[in-house]
$ cat start26.cif   # mmCIF, C-alpha atoms and all ligand atoms
data_structure
#
loop_
_atom_site.label_atom_id
_atom_site.label_comp_id
_atom_site.auth_asym_id
_atom_site.auth_seq_id
_atom_site.Cartn_x
_atom_site.Cartn_y
_atom_site.Cartn_z
CA MET N 24 11.81 -55.40 -48.17
CA LYS N 25 8.88 -52.97 -48.18
CA SER N 26 9.27 -49.73 -46.23
CA PHE N 27 7.48 -49.28 -42.90
CA ASN N 28 7.19 -47.10 -39.79
CA TYR N 29 7.74 -48.34 -36.25
CA TYR N 30 7.11 -46.23 -33.16
CA GLN N 31 7.21 -47.38 -29.54
CA PRO N 32 8.03 -44.66 -26.99
CA THR N 33 6.72 -46.42 -23.86
CA ARG N 34 9.32 -47.03 -21.14
CA LEU N 35 8.89 -50.62 -20.00
CA LEU N 36 9.61 -51.84 -16.48
CA PHE N 37 9.27 -55.60 -16.95
CA GLY N 38 9.73 -58.20 -14.23
CA SER N 39 8.35 -59.70 -11.08
CA GLY N 40 8.12 -57.20 -8.21
CA ARG N 41 8.59 -54.12 -10.39
CA ARG N 42 5.32 -52.57 -9.07
CA ALA N 43 7.44 -51.28 -6.19
CA GLU N 44 8.98 -48.82 -8.67
CA ALA N 45 5.63 -47.21 -9.51
CA GLY N 46 6.31 -44.21 -7.27
CA ALA N 47 9.59 -43.12 -8.81
CA ALA N 48 8.26 -43.68 -12.33
CA ALA N 49 5.06 -41.74 -11.63
CA ARG N 50 7.01 -38.86 -10.08
CA GLU N 51 8.83 -38.40 -13.39
CA MET N 52 5.44 -37.85 -15.08
CA ALA N 53 3.87 -35.48 -12.51
CA ASP N 54 3.43 -34.77 -8.81
CA SER N 55 -0.25 -35.80 -8.77
CA THR N 56 -2.21 -38.65 -10.30
CA LEU N 57 -5.62 -40.26 -10.70
CA LEU N 58 -5.12 -43.94 -9.88
CA VAL N 59 -7.78 -45.78 -11.88
CA VAL N 60 -8.18 -49.20 -10.29
CA ASP N 61 -10.37 -52.15 -11.17
CA PRO N 62 -12.72 -52.61 -8.15
CA MET N 63 -12.28 -56.37 -8.44
CA LEU N 64 -8.58 -55.86 -7.76
CA LEU N 65 -9.41 -53.99 -4.55
CA ARG N 66 -11.35 -57.07 -3.42
CA VAL N 67 -8.99 -59.86 -4.45
CA ALA N 68 -5.55 -58.23 -4.40
CA ALA N 69 -5.82 -55.24 -2.08
CA ASP N 70 -2.27 -55.85 -0.89
CA LYS N 71 -0.91 -55.43 -4.42
CA VAL N 72 -2.79 -52.14 -4.84
CA GLU N 73 -1.37 -51.05 -1.50
CA ASP N 74 2.14 -51.80 -2.76
CA VAL N 75 1.49 -49.23 -5.47
CA THR N 76 -0.22 -46.57 -3.33
CA ARG N 77 2.60 -46.87 -0.77
CA ALA N 78 5.20 -46.41 -3.51
CA LEU N 79 3.33 -43.35 -4.82
CA GLU N 80 3.08 -41.85 -1.35
CA LYS N 81 6.76 -42.47 -0.68
CA ALA N 82 7.66 -40.69 -3.92
CA GLY N 83 5.49 -37.69 -2.97
CA VAL N 84 2.87 -38.20 -5.67
CA ARG N 85 -0.55 -36.90 -4.56
CA THR N 86 -2.90 -39.75 -5.42
CA VAL N 87 -6.66 -39.71 -5.96
CA MET N 88 -8.17 -43.15 -6.34
CA PHE N 89 -10.97 -43.84 -8.83
CA SER N 90 -12.43 -47.35 -8.88
CA ASP N 91 -15.67 -46.85 -10.80
CA VAL N 92 -14.37 -49.13 -13.55
CA VAL N 93 -16.63 -51.58 -15.38
CA PRO N 94 -15.81 -54.45 -17.75
CA ASN N 95 -16.20 -53.27 -21.36
CA PRO N 96 -15.65 -49.67 -20.12
CA THR N 97 -18.53 -47.28 -20.63
CA LEU N 98 -18.48 -43.67 -21.70
CA ASP N 99 -20.47 -42.81 -18.55
CA ALA N 100 -17.80 -44.22 -16.23
CA ILE N 101 -15.09 -42.44 -18.22
CA GLN N 102 -16.93 -39.14 -17.88
CA ARG N 103 -17.28 -39.63 -14.13
CA GLY N 104 -13.54 -40.26 -13.90
CA ALA N 105 -12.79 -37.21 -16.02
CA GLU N 106 -14.89 -35.05 -13.68
CA VAL N 107 -12.91 -36.35 -10.70
CA ALA N 108 -9.61 -35.71 -12.50
CA LYS N 109 -10.67 -32.13 -13.28
CA ALA N 110 -12.06 -31.42 -9.80
CA GLU N 111 -8.89 -32.76 -8.17
CA ASN N 112 -6.64 -31.07 -10.75
CA VAL N 113 -4.45 -34.15 -11.17
CA LYS N 114 -1.64 -33.98 -13.73
CA SER N 115 -1.34 -37.64 -14.70
CA VAL N 116 -3.36 -40.84 -14.85
CA ILE N 117 -2.38 -44.38 -13.84
CA GLY N 118 -4.45 -47.38 -14.88
CA MET N 119 -4.02 -50.47 -12.69
CA GLY N 120 -5.90 -53.63 -13.58
CA GLY N 121 -6.90 -55.40 -16.77
CA GLY N 122 -7.62 -53.73 -20.07
CA SER N 123 -10.81 -52.17 -18.73
CA ALA N 124 -9.01 -50.15 -16.04
CA ILE N 125 -6.18 -49.10 -18.34
CA ASP N 126 -8.46 -48.18 -21.26
CA THR N 127 -10.63 -46.20 -18.82
CA ALA N 128 -7.51 -44.38 -17.59
CA LYS N 129 -6.43 -43.60 -21.16
CA ALA N 130 -9.85 -42.22 -22.08
CA ILE N 131 -9.93 -40.13 -18.88
CA ALA N 132 -6.55 -38.67 -19.84
CA VAL N 133 -8.22 -37.27 -22.97
CA ALA N 134 -11.68 -36.48 -21.57
CA ALA N 135 -10.27 -34.50 -18.62
CA THR N 136 -8.27 -32.21 -20.90
CA HIS N 137 -10.42 -31.73 -23.99
CA PRO N 138 -13.85 -30.24 -24.74
CA GLY N 139 -16.78 -32.64 -25.11
CA THR N 140 -16.53 -36.31 -24.14
CA ALA N 141 -14.16 -39.14 -25.04
CA TRP N 142 -16.71 -40.17 -27.71
CA ASP N 143 -15.79 -37.02 -29.67
CA TYR N 144 -12.22 -38.35 -30.09
CA LEU N 145 -12.90 -41.77 -31.63
CA TYR N 146 -10.35 -42.77 -34.28
CA PHE N 147 -12.40 -41.24 -37.12
CA LYS N 148 -13.33 -38.00 -35.31
CA ASP N 149 -11.29 -35.19 -33.69
CA LYS N 150 -7.69 -35.99 -32.72
CA PRO N 151 -6.59 -35.73 -29.08
CA THR N 152 -3.84 -33.14 -28.57
CA ASP N 153 -0.70 -33.07 -26.43
CA ALA N 154 -2.88 -31.66 -23.64
CA THR N 155 -3.66 -35.35 -22.96
CA LEU N 156 -2.50 -36.25 -19.44
CA PRO N 157 0.56 -38.54 -19.27
CA ILE N 158 -0.48 -42.15 -18.72
CA MET N 159 1.09 -45.04 -16.82
CA ALA N 160 -0.18 -48.62 -17.09
CA ILE N 161 0.24 -51.29 -14.45
CA ASN N 162 -1.42 -54.26 -16.05
CA THR N 163 -2.66 -57.19 -13.99
CA THR N 164 -3.80 -59.38 -16.88
CA SER N 165 -2.05 -60.35 -20.09
CA GLY N 166 -4.33 -59.78 -23.03
CA THR N 167 -5.21 -56.35 -24.26
CA GLY N 168 -1.66 -55.21 -24.96
CA THR N 169 -2.95 -51.80 -24.03
CA GLN N 170 0.20 -51.02 -22.05
CA THR N 171 2.08 -50.71 -25.35
CA SER N 172 -0.74 -49.88 -27.76
CA LYS N 173 -2.30 -46.55 -28.70
CA VAL N 174 -5.84 -47.80 -28.34
CA SER N 175 -8.59 -47.22 -25.80
CA VAL N 176 -11.76 -49.25 -26.37
CA PHE N 177 -15.05 -48.31 -24.74
CA THR N 178 -18.81 -48.49 -25.17
CA ASN N 179 -21.44 -45.82 -25.58
CA THR N 180 -24.38 -47.57 -23.91
CA GLU N 181 -26.90 -45.05 -25.28
CA GLU N 182 -25.91 -45.98 -28.82
CA ASN N 183 -25.20 -49.67 -28.04
CA CYS N 184 -21.91 -49.06 -29.77
CA LYS N 185 -18.41 -50.20 -28.82
CA SER N 186 -15.66 -48.20 -30.50
CA ALA N 187 -12.13 -46.94 -29.92
CA MET N 188 -9.75 -44.03 -29.75
CA TRP N 189 -6.51 -44.69 -31.64
CA ASN N 190 -3.83 -42.05 -31.33
CA ASP N 191 -0.14 -41.64 -30.40
CA HIS N 192 -1.19 -39.58 -27.35
CA LEU N 193 -2.70 -42.77 -25.93
CA LEU N 194 0.70 -44.47 -25.80
CA CYS N 195 1.70 -44.80 -22.15
CA LYS N 196 4.73 -42.90 -20.89
CA VAL N 197 5.53 -45.86 -18.66
CA ALA N 198 4.26 -49.42 -18.41
CA ILE N 199 4.98 -51.62 -15.43
CA ILE N 200 4.57 -55.27 -16.37
CA ASP N 201 4.85 -57.28 -13.18
CA PRO N 202 3.92 -60.95 -13.72
CA GLU N 203 3.40 -61.43 -9.97
CA LEU N 204 0.23 -59.37 -10.40
CA MET N 205 -1.13 -61.95 -12.83
CA VAL N 206 -0.86 -65.21 -10.88
CA SER N 207 -4.32 -64.79 -9.31
CA VAL N 208 -6.18 -64.17 -12.56
CA PRO N 209 -9.06 -66.71 -12.78
CA VAL N 210 -8.93 -69.47 -15.38
CA ARG N 211 -11.69 -68.10 -17.65
CA VAL N 212 -10.13 -64.62 -17.71
CA THR N 213 -6.68 -66.13 -18.35
CA ALA N 214 -8.11 -68.05 -21.31
CA ALA N 215 -10.03 -65.11 -22.79
CA THR N 216 -7.25 -62.55 -22.36
CA GLY N 217 -4.56 -65.05 -23.39
CA PHE N 218 -6.43 -65.79 -26.60
CA ASP N 219 -6.71 -62.05 -27.20
CA ILE N 220 -2.88 -61.91 -27.21
CA PHE N 221 -2.87 -64.52 -29.93
CA THR N 222 -5.41 -62.58 -32.00
CA HIS N 223 -3.50 -59.30 -31.76
CA THR N 224 -0.31 -60.89 -32.98
CA PHE N 225 -1.84 -63.19 -35.59
CA GLU N 226 -4.05 -60.48 -37.09
CA SER N 227 -1.13 -58.03 -37.23
CA TYR N 228 0.98 -60.77 -38.85
CA ILE N 229 -1.52 -61.50 -41.63
CA ASN N 230 -2.57 -57.85 -42.00
CA THR N 231 -1.83 -56.56 -45.51
CA GLY N 232 -0.14 -53.59 -43.79
CA SER N 233 2.26 -55.79 -41.81
CA SER N 234 6.03 -55.31 -41.81
CA GLU N 235 9.26 -57.23 -41.20
CA ALA N 236 9.51 -55.63 -37.74
CA VAL N 237 6.05 -56.71 -36.69
CA ASP N 238 6.21 -60.17 -38.30
CA ALA N 239 9.22 -61.07 -36.16
CA ILE N 240 7.75 -60.02 -32.84
CA ALA N 241 4.32 -61.43 -33.75
CA LEU N 242 5.78 -64.90 -34.37
CA ASP N 243 7.76 -64.73 -31.12
CA ALA N 244 4.60 -63.79 -29.21
CA ILE N 245 2.51 -66.51 -30.91
CA ALA N 246 5.07 -69.17 -29.91
CA ARG N 247 4.89 -67.96 -26.29
CA VAL N 248 1.08 -68.10 -26.23
CA ILE N 249 0.98 -71.59 -27.74
CA ARG N 250 3.45 -72.99 -25.21
CA SER N 251 2.43 -71.06 -22.09
CA LEU N 252 -1.31 -70.34 -22.19
CA PRO N 253 -2.31 -73.99 -21.61
CA VAL N 254 0.23 -74.12 -18.74
CA ALA N 255 -1.15 -70.95 -17.11
CA ILE N 256 -4.66 -72.36 -17.37
CA THR N 257 -3.69 -75.63 -15.73
CA ASN N 258 -1.56 -73.94 -13.07
CA GLY N 259 -2.26 -70.23 -12.69
CA SER N 260 0.56 -69.74 -10.20
CA ASN N 261 3.22 -70.94 -12.64
CA LEU N 262 5.23 -67.71 -12.73
CA SER N 263 7.32 -68.57 -15.77
CA ALA N 264 4.15 -69.18 -17.83
CA ARG N 265 2.75 -65.87 -16.58
CA GLU N 266 6.01 -64.12 -17.51
CA ASP N 267 5.88 -65.65 -20.99
CA LEU N 268 2.30 -64.41 -21.48
CA ALA N 269 3.07 -61.00 -20.03
CA TRP N 270 5.90 -60.51 -22.48
CA ALA N 271 3.84 -61.91 -25.38
CA ASP N 272 1.12 -59.41 -24.47
CA THR N 273 3.60 -56.55 -24.40
CA LEU N 274 4.86 -57.56 -27.85
CA ALA N 275 1.26 -57.82 -29.01
CA GLY N 276 0.65 -54.22 -27.96
CA GLN N 277 3.55 -53.19 -30.18
CA CYS N 278 1.96 -55.12 -33.05
CA LEU N 279 -1.28 -53.25 -32.43
CA ALA N 280 0.43 -49.88 -32.23
CA ASN N 281 2.24 -50.37 -35.53
CA VAL N 282 -0.08 -52.54 -37.64
CA GLY N 283 -3.36 -53.58 -36.03
CA THR N 284 -6.09 -56.16 -36.07
CA THR N 285 -8.23 -57.42 -38.93
CA LEU N 286 -11.62 -59.01 -39.52
CA PRO N 287 -12.12 -60.85 -36.19
CA HIS N 288 -11.89 -57.63 -34.18
CA ALA N 289 -14.31 -55.88 -36.55
CA ALA N 290 -16.72 -58.80 -36.15
CA GLY N 291 -16.13 -59.41 -32.43
CA GLN N 292 -16.25 -55.89 -30.96
CA PRO N 293 -19.91 -55.26 -31.88
CA ILE N 294 -20.87 -58.60 -30.34
CA SER N 295 -19.62 -57.30 -26.97
CA GLY N 296 -21.12 -53.88 -27.77
CA HIS N 297 -24.59 -55.40 -28.08
CA PHE N 298 -24.06 -58.18 -25.51
CA PRO N 299 -21.72 -56.72 -22.86
CA LYS N 300 -21.63 -60.01 -20.93
CA VAL N 301 -19.64 -61.53 -23.82
CA SER N 302 -16.01 -60.80 -22.98
CA HIS N 303 -13.74 -59.46 -25.69
CA GLY N 304 -11.79 -62.75 -25.83
CA GLU N 305 -15.00 -64.77 -26.10
CA SER N 306 -16.29 -62.55 -28.91
CA LEU N 307 -13.12 -63.32 -30.86
CA ALA N 308 -13.08 -67.04 -30.04
CA VAL N 309 -16.60 -67.41 -31.40
CA ILE N 310 -15.66 -65.81 -34.73
CA TYR N 311 -12.20 -67.34 -35.31
CA PRO N 312 -13.08 -70.64 -37.02
CA ALA N 313 -15.39 -68.94 -39.56
CA PHE N 314 -12.85 -66.13 -40.08
CA ALA N 315 -10.11 -68.71 -40.77
CA ALA N 316 -12.23 -70.60 -43.29
CA PHE N 317 -13.00 -67.32 -45.06
CA THR N 318 -9.47 -65.89 -45.04
CA TRP N 319 -6.76 -68.56 -45.36
CA ARG N 320 -6.62 -68.45 -49.16
CA GLY N 321 -5.56 -64.79 -48.98
CA ALA N 322 -2.42 -65.50 -46.93
CA VAL N 323 -1.57 -69.15 -47.49
CA ALA N 324 2.09 -69.03 -46.36
CA LYS N 325 1.31 -67.18 -43.13
CA PHE N 326 -1.71 -69.34 -42.20
CA ALA N 327 0.43 -72.41 -42.95
CA LYS N 328 3.32 -71.18 -40.79
CA VAL N 329 1.13 -70.62 -37.74
CA ALA N 330 -0.86 -73.83 -38.30
CA ARG N 331 2.49 -75.67 -38.13
CA MET N 332 3.34 -73.86 -34.90
CA PHE N 333 0.15 -75.33 -33.43
CA ASN N 334 0.79 -78.74 -34.98
CA PRO N 335 4.36 -79.51 -36.12
CA ALA N 336 3.06 -82.62 -37.93
CA LEU N 337 1.76 -80.25 -40.62
CA SER N 338 5.38 -79.63 -41.65
CA ALA N 339 4.99 -82.65 -43.90
CA ALA N 340 1.94 -81.12 -45.59
CA SER N 341 1.90 -78.56 -48.40
CA ASP N 342 1.34 -74.91 -47.55
CA GLU N 343 -2.18 -75.16 -48.99
CA VAL N 344 -3.09 -78.10 -46.80
CA ALA N 345 -1.47 -76.62 -43.68
CA ALA N 346 -3.19 -73.26 -44.22
CA GLN N 347 -6.56 -74.91 -44.69
CA ASN N 348 -5.98 -76.85 -41.47
CA PHE N 349 -5.52 -73.63 -39.50
CA GLU N 350 -9.28 -73.65 -38.78
CA LEU N 351 -9.07 -77.11 -37.25
CA GLU N 352 -5.96 -76.22 -35.24
CA ILE N 353 -7.55 -73.07 -33.81
CA GLU N 354 -10.64 -75.07 -32.81
CA ARG N 355 -8.39 -77.60 -31.07
CA PHE N 356 -6.52 -74.85 -29.26
CA LEU N 357 -9.75 -73.13 -28.18
CA LYS N 358 -11.02 -76.46 -26.82
CA LEU N 359 -7.69 -77.02 -25.05
CA ILE N 360 -7.99 -73.68 -23.23
CA GLY N 361 -11.74 -74.12 -22.59
CA LEU N 362 -12.75 -71.20 -24.79
CA TYR N 363 -14.40 -72.93 -27.74
CA CYS N 364 -17.86 -71.39 -28.05
CA ARG N 365 -20.69 -70.63 -30.47
CA LEU N 366 -22.99 -67.60 -30.63
CA ASP N 367 -25.86 -69.72 -29.24
CA ASP N 368 -23.88 -70.19 -26.01
CA PHE N 369 -24.41 -66.50 -25.17
CA GLY N 370 -28.14 -66.49 -25.93
CA ILE N 371 -27.55 -64.71 -29.23
CA THR N 372 -29.97 -65.59 -32.04
CA PRO N 373 -29.85 -64.98 -35.81
CA ASP N 374 -32.35 -62.14 -35.29
CA ASP N 375 -29.69 -60.29 -33.27
CA ILE N 376 -27.22 -60.26 -36.17
CA PRO N 377 -28.49 -57.39 -38.39
CA PRO N 378 -27.65 -54.52 -35.95
CA ILE N 379 -24.35 -56.22 -35.02
CA LEU N 380 -23.53 -56.50 -38.72
CA VAL N 381 -24.12 -52.77 -39.27
CA HIS N 382 -21.53 -51.92 -36.62
CA ALA N 383 -19.10 -54.59 -37.86
CA MET N 384 -19.06 -53.04 -41.31
CA GLU N 385 -18.25 -49.63 -39.81
CA PHE N 386 -14.95 -50.87 -38.32
CA PRO N 387 -11.95 -50.22 -40.58
CA ASP N 388 -10.07 -53.32 -39.32
CA SER N 389 -11.41 -55.59 -42.07
CA GLN N 390 -9.73 -53.47 -44.72
CA GLY N 391 -6.37 -55.00 -43.71
CA ASN N 392 -7.71 -58.56 -43.86
CA PRO N 393 -6.05 -60.64 -46.62
CA VAL N 394 -9.56 -61.12 -48.03
CA VAL N 395 -11.71 -58.02 -47.52
CA PRO N 396 -15.26 -59.08 -46.65
CA THR N 397 -18.41 -57.70 -48.24
CA GLU N 398 -21.43 -57.21 -45.99
CA GLU N 399 -22.76 -60.54 -47.26
CA ASP N 400 -19.45 -62.26 -46.43
CA MET N 401 -19.59 -60.84 -42.90
CA ARG N 402 -23.20 -61.96 -42.48
CA SER N 403 -22.17 -65.44 -43.56
CA ILE N 404 -19.29 -65.45 -41.03
CA TYR N 405 -21.76 -64.66 -38.23
CA MET N 406 -24.31 -67.21 -39.43
CA THR N 407 -21.73 -70.02 -39.58
CA SER N 408 -20.71 -69.17 -36.00
CA PHE N 409 -23.98 -70.59 -34.64
CA ARG N 410 -24.00 -74.13 -33.36
CA ALA N 411 -26.76 -75.17 -35.71
CA ALA N 412 -24.81 -74.01 -38.77
FE FE N 501 -8.33 -57.55 -28.77
#

$ encode --input "start26.cif" --output "structure tokens"
Amino acid sequence: MKSFNYYQPTRLLFGSGRRAEAGAAAREMADSTLLVVDPMLLRVAADKVEDVTRALEKAGVRTVMFSDVVPNPTLDAIQRGAEVAKAENVKSVIGMGGGSAIDTAKAIAVAATHPGTAWDYLYFKDKPTDATLPIMAINTTSGTGTQTSKVSVFTNTEENCKSAMWNDHLLCKVAIIDPELMVSVPVRVTAATGFDIFTHTFESYINTGSSEAVDAIALDAIARVIRSLPVAITNGSNLSAREDLAWADTLAGQCLANVGTTLPHAAGQPISGHFPKVSHGESLAVIYPAFAAFTWRGAVAKFAKVARMFNPALSAASDEVAAQNFELEIERFLKLIGLYCRLDDFGITPDDIPPILVHAMEFPDSQGNPVVPTEEDMRSIYMTSFRAA
């Protein structure tokens, strides 16, 4: 067995109703907090937010609410939050919502305590220090895995660039994973975020830097997504499907924290960076078939194993045949969850690809792909992701 590192210091409070424990858990971090909340949540689930604010109040945690959160978080919104955190002198940050709220909270935890802006602490720049405010996540979607990952993804709108911080200081002190918060997530968001779980686990599994520890939890999470995402899409209030996805997402965050994603995230992130209306999950869905066709030969046994999880009938086929069929199986699954899409569907044209391609090649994720793409390979992956191709 090859040697590996595994680090996961986040205390997990998993289970329906656990949001009621937010106060006691927050009090262990600090006596004051910036509660970063998705504004959508304040509209559609105000009672659930109140459960948390009441718990914080009861525990004596001074709470300042910040709800200037946008999908595909922007550096501007993060800076505004950091200014509030500094002005109010809060000593911790809680992110409540989907990945956007939690990634905003994580970036604020750095921006409020370090010189410059969060953009100065991207994964290839300066490293955040232990001055970073302690972070709690209360996630209301299952998808980003951010509650157990050390990533915060955000966009610099001036540079049209979506990038990420990646550092141990961005690991949450506490994560509350309460599946009751997820039953009202709309179908499209459930599909996009649920598929993101799959991508985090699958890409960590095939990553050349993967390990025995991550392979095991990745396969467990993949099985949960395959069996429960279609159920959650058909019946969003099915709590056991939501629990399955919530746990799969939490495992996926551990995969991200210890291994990480590959080519599809390098190709997908700049699509959302240039076209912010394309959700993260959609940007991955659009790339996956072309990525699979390009990559399967580099990890035949692993592509075959997951293809057979989608379609047990492939057990009778050779590894080569099963691995090659992964592309077909992923297309079937994307159609099943209503997420199959092409670049044309978002109004993207071939003329839009060159600047997207420049950013895609800057991401390090592709270096862990079983077949490392050249710029020409990546261009070809984009071009075959148009409907006309
Ligand atoms: Fe992702």

$ residues_around --input "start26.cif" --residues "region 50-67 of chain N" --least-positions-apart "4" --cutoff "6 Å" --atoms "only C-alpha atoms" --output "PyMOL selection string"
chain N and resi 84-90+92+113-120+124+128

$ closest_atom_pairs --input "start26.cif" --of "chain N" --to "ligand FE 501 (chain N)" --cutoff "8 Å" --atoms "all atoms listed in the file" --output "CSV"
residue,atom,partner,partner_atom,distance
N:Gly166,CA,N:FE501,FE,7.3
N:Thr167,CA,N:FE501,FE,5.6
N:Asp219,CA,N:FE501,FE,5.0
N:Ile220,CA,N:FE501,FE,7.2
N:Thr222,CA,N:FE501,FE,6.7
N:His223,CA,N:FE501,FE,5.9
N:Thr284,CA,N:FE501,FE,7.8
N:His288,CA,N:FE501,FE,6.5
N:His303,CA,N:FE501,FE,6.5
N:Gly304,CA,N:FE501,FE,6.9
N:Leu307,CA,N:FE501,FE,7.8

$ closest_atom_pairs --input "start26.cif" --of "region 324-381 of chain N" --to "region 389-395 of chain N" --cutoff "12 Å" --atoms "only C-alpha atoms" --output "JSON lines"
{"residue": "N:Ala324", "atom": "CA", "partner": "N:Pro393", "partner_atom": "CA", "distance": 11.7}
{"residue": "N:Lys325", "atom": "CA", "partner": "N:Pro393", "partner_atom": "CA", "distance": 10.4}
{"residue": "N:Phe326", "atom": "CA", "partner": "N:Pro393", "partner_atom": "CA", "distance": 10.7}

$ closest_residue --input "start26.cif" --among "N:Leu242, N:Ala271, N:Ala313, N:Ala187" --to "Pro293 (chain N)" --atoms "all atoms listed in the file"
N:Ala187

$ residues_near_point --input "start26.cif" --point "(-14.0, -51.8, -30.5)" --cutoff "6 Å" --atoms "all atoms listed in the file" --output "list in words"
Val176, Lys185, Ser186, Ala187 and Gln292 of chain N

$ atom_distance --input "start26.cif" --atom1 "CA of Val197 (chain N)" --atom2 "CA of Asn162 (chain N)"
11.2 Å

$ atom_distance --input "start26.cif" --atom1 "CA of Leu274 (chain N)" --atom2 "CA of Tyr29 (chain N)"
12.8 Å

$ atom_distance --input "start26.cif" --atom1 "CA of Phe409 (chain N)" --atom2 "CA of Glu354 (chain N)"
14.2 Å

$ closest_residue --input "start26.cif" --among "N:Pro387, N:Pro377, N:Gly259, N:Pro253" --to "Arg402 (chain N)" --atoms "only C-alpha atoms"
N:Pro377

$ closest_residue --input "start26.cif" --among "N:Gly217, N:Pro32, N:Pro396, N:Gly370" --to "Lys196 (chain N)" --atoms "all atoms listed in the file"
N:Pro32

$ build_atoms --input "start26.cif" --residues "region 82-95 of chain N" --atoms "N, CA, C and O atoms" --output "PDB file, in the coordinates of the input"
ATOM      1  N   ALA N  82       7.026 -41.542  -2.904  1.00  0.00           N
ATOM      2  CA  ALA N  82       7.660 -40.690  -3.920  1.00  0.00           C
ATOM      3  C   ALA N  82       7.063 -39.273  -3.935  1.00  0.00           C
ATOM      4  O   ALA N  82       7.464 -38.444  -4.750  1.00  0.00           O
ATOM      5  N   GLY N  83       6.088 -39.030  -3.057  1.00  0.00           N
ATOM      6  CA  GLY N  83       5.490 -37.690  -2.970  1.00  0.00           C
ATOM      7  C   GLY N  83       4.519 -37.382  -4.084  1.00  0.00           C
ATOM      8  O   GLY N  83       4.351 -36.219  -4.470  1.00  0.00           O
ATOM      9  N   VAL N  84       3.860 -38.413  -4.603  1.00  0.00           N
ATOM     10  CA  VAL N  84       2.870 -38.200  -5.670  1.00  0.00           C
ATOM     11  C   VAL N  84       1.474 -38.162  -5.021  1.00  0.00           C
ATOM     12  O   VAL N  84       1.026 -39.166  -4.450  1.00  0.00           O
ATOM     13  N   ARG N  85       0.818 -36.997  -5.092  1.00  0.00           N
ATOM     14  CA  ARG N  85      -0.550 -36.900  -4.560  1.00  0.00           C
ATOM     15  C   ARG N  85      -1.449 -37.803  -5.392  1.00  0.00           C
ATOM     16  O   ARG N  85      -1.479 -37.694  -6.616  1.00  0.00           O
ATOM     17  N   THR N  86      -2.163 -38.712  -4.712  1.00  0.00           N
ATOM     18  CA  THR N  86      -2.900 -39.750  -5.420  1.00  0.00           C
ATOM     19  C   THR N  86      -4.387 -39.707  -5.086  1.00  0.00           C
ATOM     20  O   THR N  86      -4.763 -39.714  -3.918  1.00  0.00           O
ATOM     21  N   VAL N  87      -5.207 -39.644  -6.110  1.00  0.00           N
ATOM     22  CA  VAL N  87      -6.660 -39.710  -5.960  1.00  0.00           C
ATOM     23  C   VAL N  87      -7.099 -41.024  -6.590  1.00  0.00           C
ATOM     24  O   VAL N  87      -6.786 -41.291  -7.756  1.00  0.00           O
ATOM     25  N   MET N  88      -7.786 -41.855  -5.788  1.00  0.00           N
ATOM     26  CA  MET N  88      -8.170 -43.150  -6.340  1.00  0.00           C
ATOM     27  C   MET N  88      -9.552 -43.078  -6.994  1.00  0.00           C
ATOM     28  O   MET N  88     -10.456 -42.430  -6.482  1.00  0.00           O
ATOM     29  N   PHE N  89      -9.693 -43.756  -8.124  1.00  0.00           N
ATOM     30  CA  PHE N  89     -10.970 -43.840  -8.830  1.00  0.00           C
ATOM     31  C   PHE N  89     -11.198 -45.301  -9.200  1.00  0.00           C
ATOM     32  O   PHE N  89     -10.409 -45.879  -9.954  1.00  0.00           O
ATOM     33  N   SER N  90     -12.238 -45.914  -8.628  1.00  0.00           N
ATOM     34  CA  SER N  90     -12.430 -47.350  -8.880  1.00  0.00           C
ATOM     35  C   SER N  90     -13.792 -47.657  -9.510  1.00  0.00           C
ATOM     36  O   SER N  90     -14.259 -48.786  -9.466  1.00  0.00           O
ATOM     37  N   ASP N  91     -14.390 -46.650 -10.120  1.00  0.00           N
ATOM     38  CA  ASP N  91     -15.670 -46.850 -10.800  1.00  0.00           C
ATOM     39  C   ASP N  91     -15.404 -47.378 -12.216  1.00  0.00           C
ATOM     40  O   ASP N  91     -15.732 -46.739 -13.218  1.00  0.00           O
ATOM     41  N   VAL N  92     -14.764 -48.545 -12.268  1.00  0.00           N
ATOM     42  CA  VAL N  92     -14.370 -49.130 -13.550  1.00  0.00           C
ATOM     43  C   VAL N  92     -15.265 -50.337 -13.824  1.00  0.00           C
ATOM     44  O   VAL N  92     -15.509 -51.139 -12.924  1.00  0.00           O
ATOM     45  N   VAL N  93     -15.765 -50.447 -15.044  1.00  0.00           N
ATOM     46  CA  VAL N  93     -16.630 -51.580 -15.380  1.00  0.00           C
ATOM     47  C   VAL N  93     -16.007 -52.369 -16.543  1.00  0.00           C
ATOM     48  O   VAL N  93     -15.275 -51.806 -17.353  1.00  0.00           O
ATOM     49  N   PRO N  94     -16.291 -53.682 -16.593  1.00  0.00           N
ATOM     50  CA  PRO N  94     -15.810 -54.450 -17.750  1.00  0.00           C
ATOM     51  C   PRO N  94     -16.426 -53.874 -19.026  1.00  0.00           C
ATOM     52  O   PRO N  94     -17.560 -53.365 -18.970  1.00  0.00           O
ATOM     53  N   ASN N  95     -15.745 -53.981 -20.149  1.00  0.00           N
ATOM     54  CA  ASN N  95     -16.200 -53.270 -21.360  1.00  0.00           C
ATOM     55  C   ASN N  95     -16.498 -51.820 -20.965  1.00  0.00           C
ATOM     56  O   ASN N  95     -17.669 -51.423 -20.851  1.00  0.00           O
TER      57      ASN N  95
END
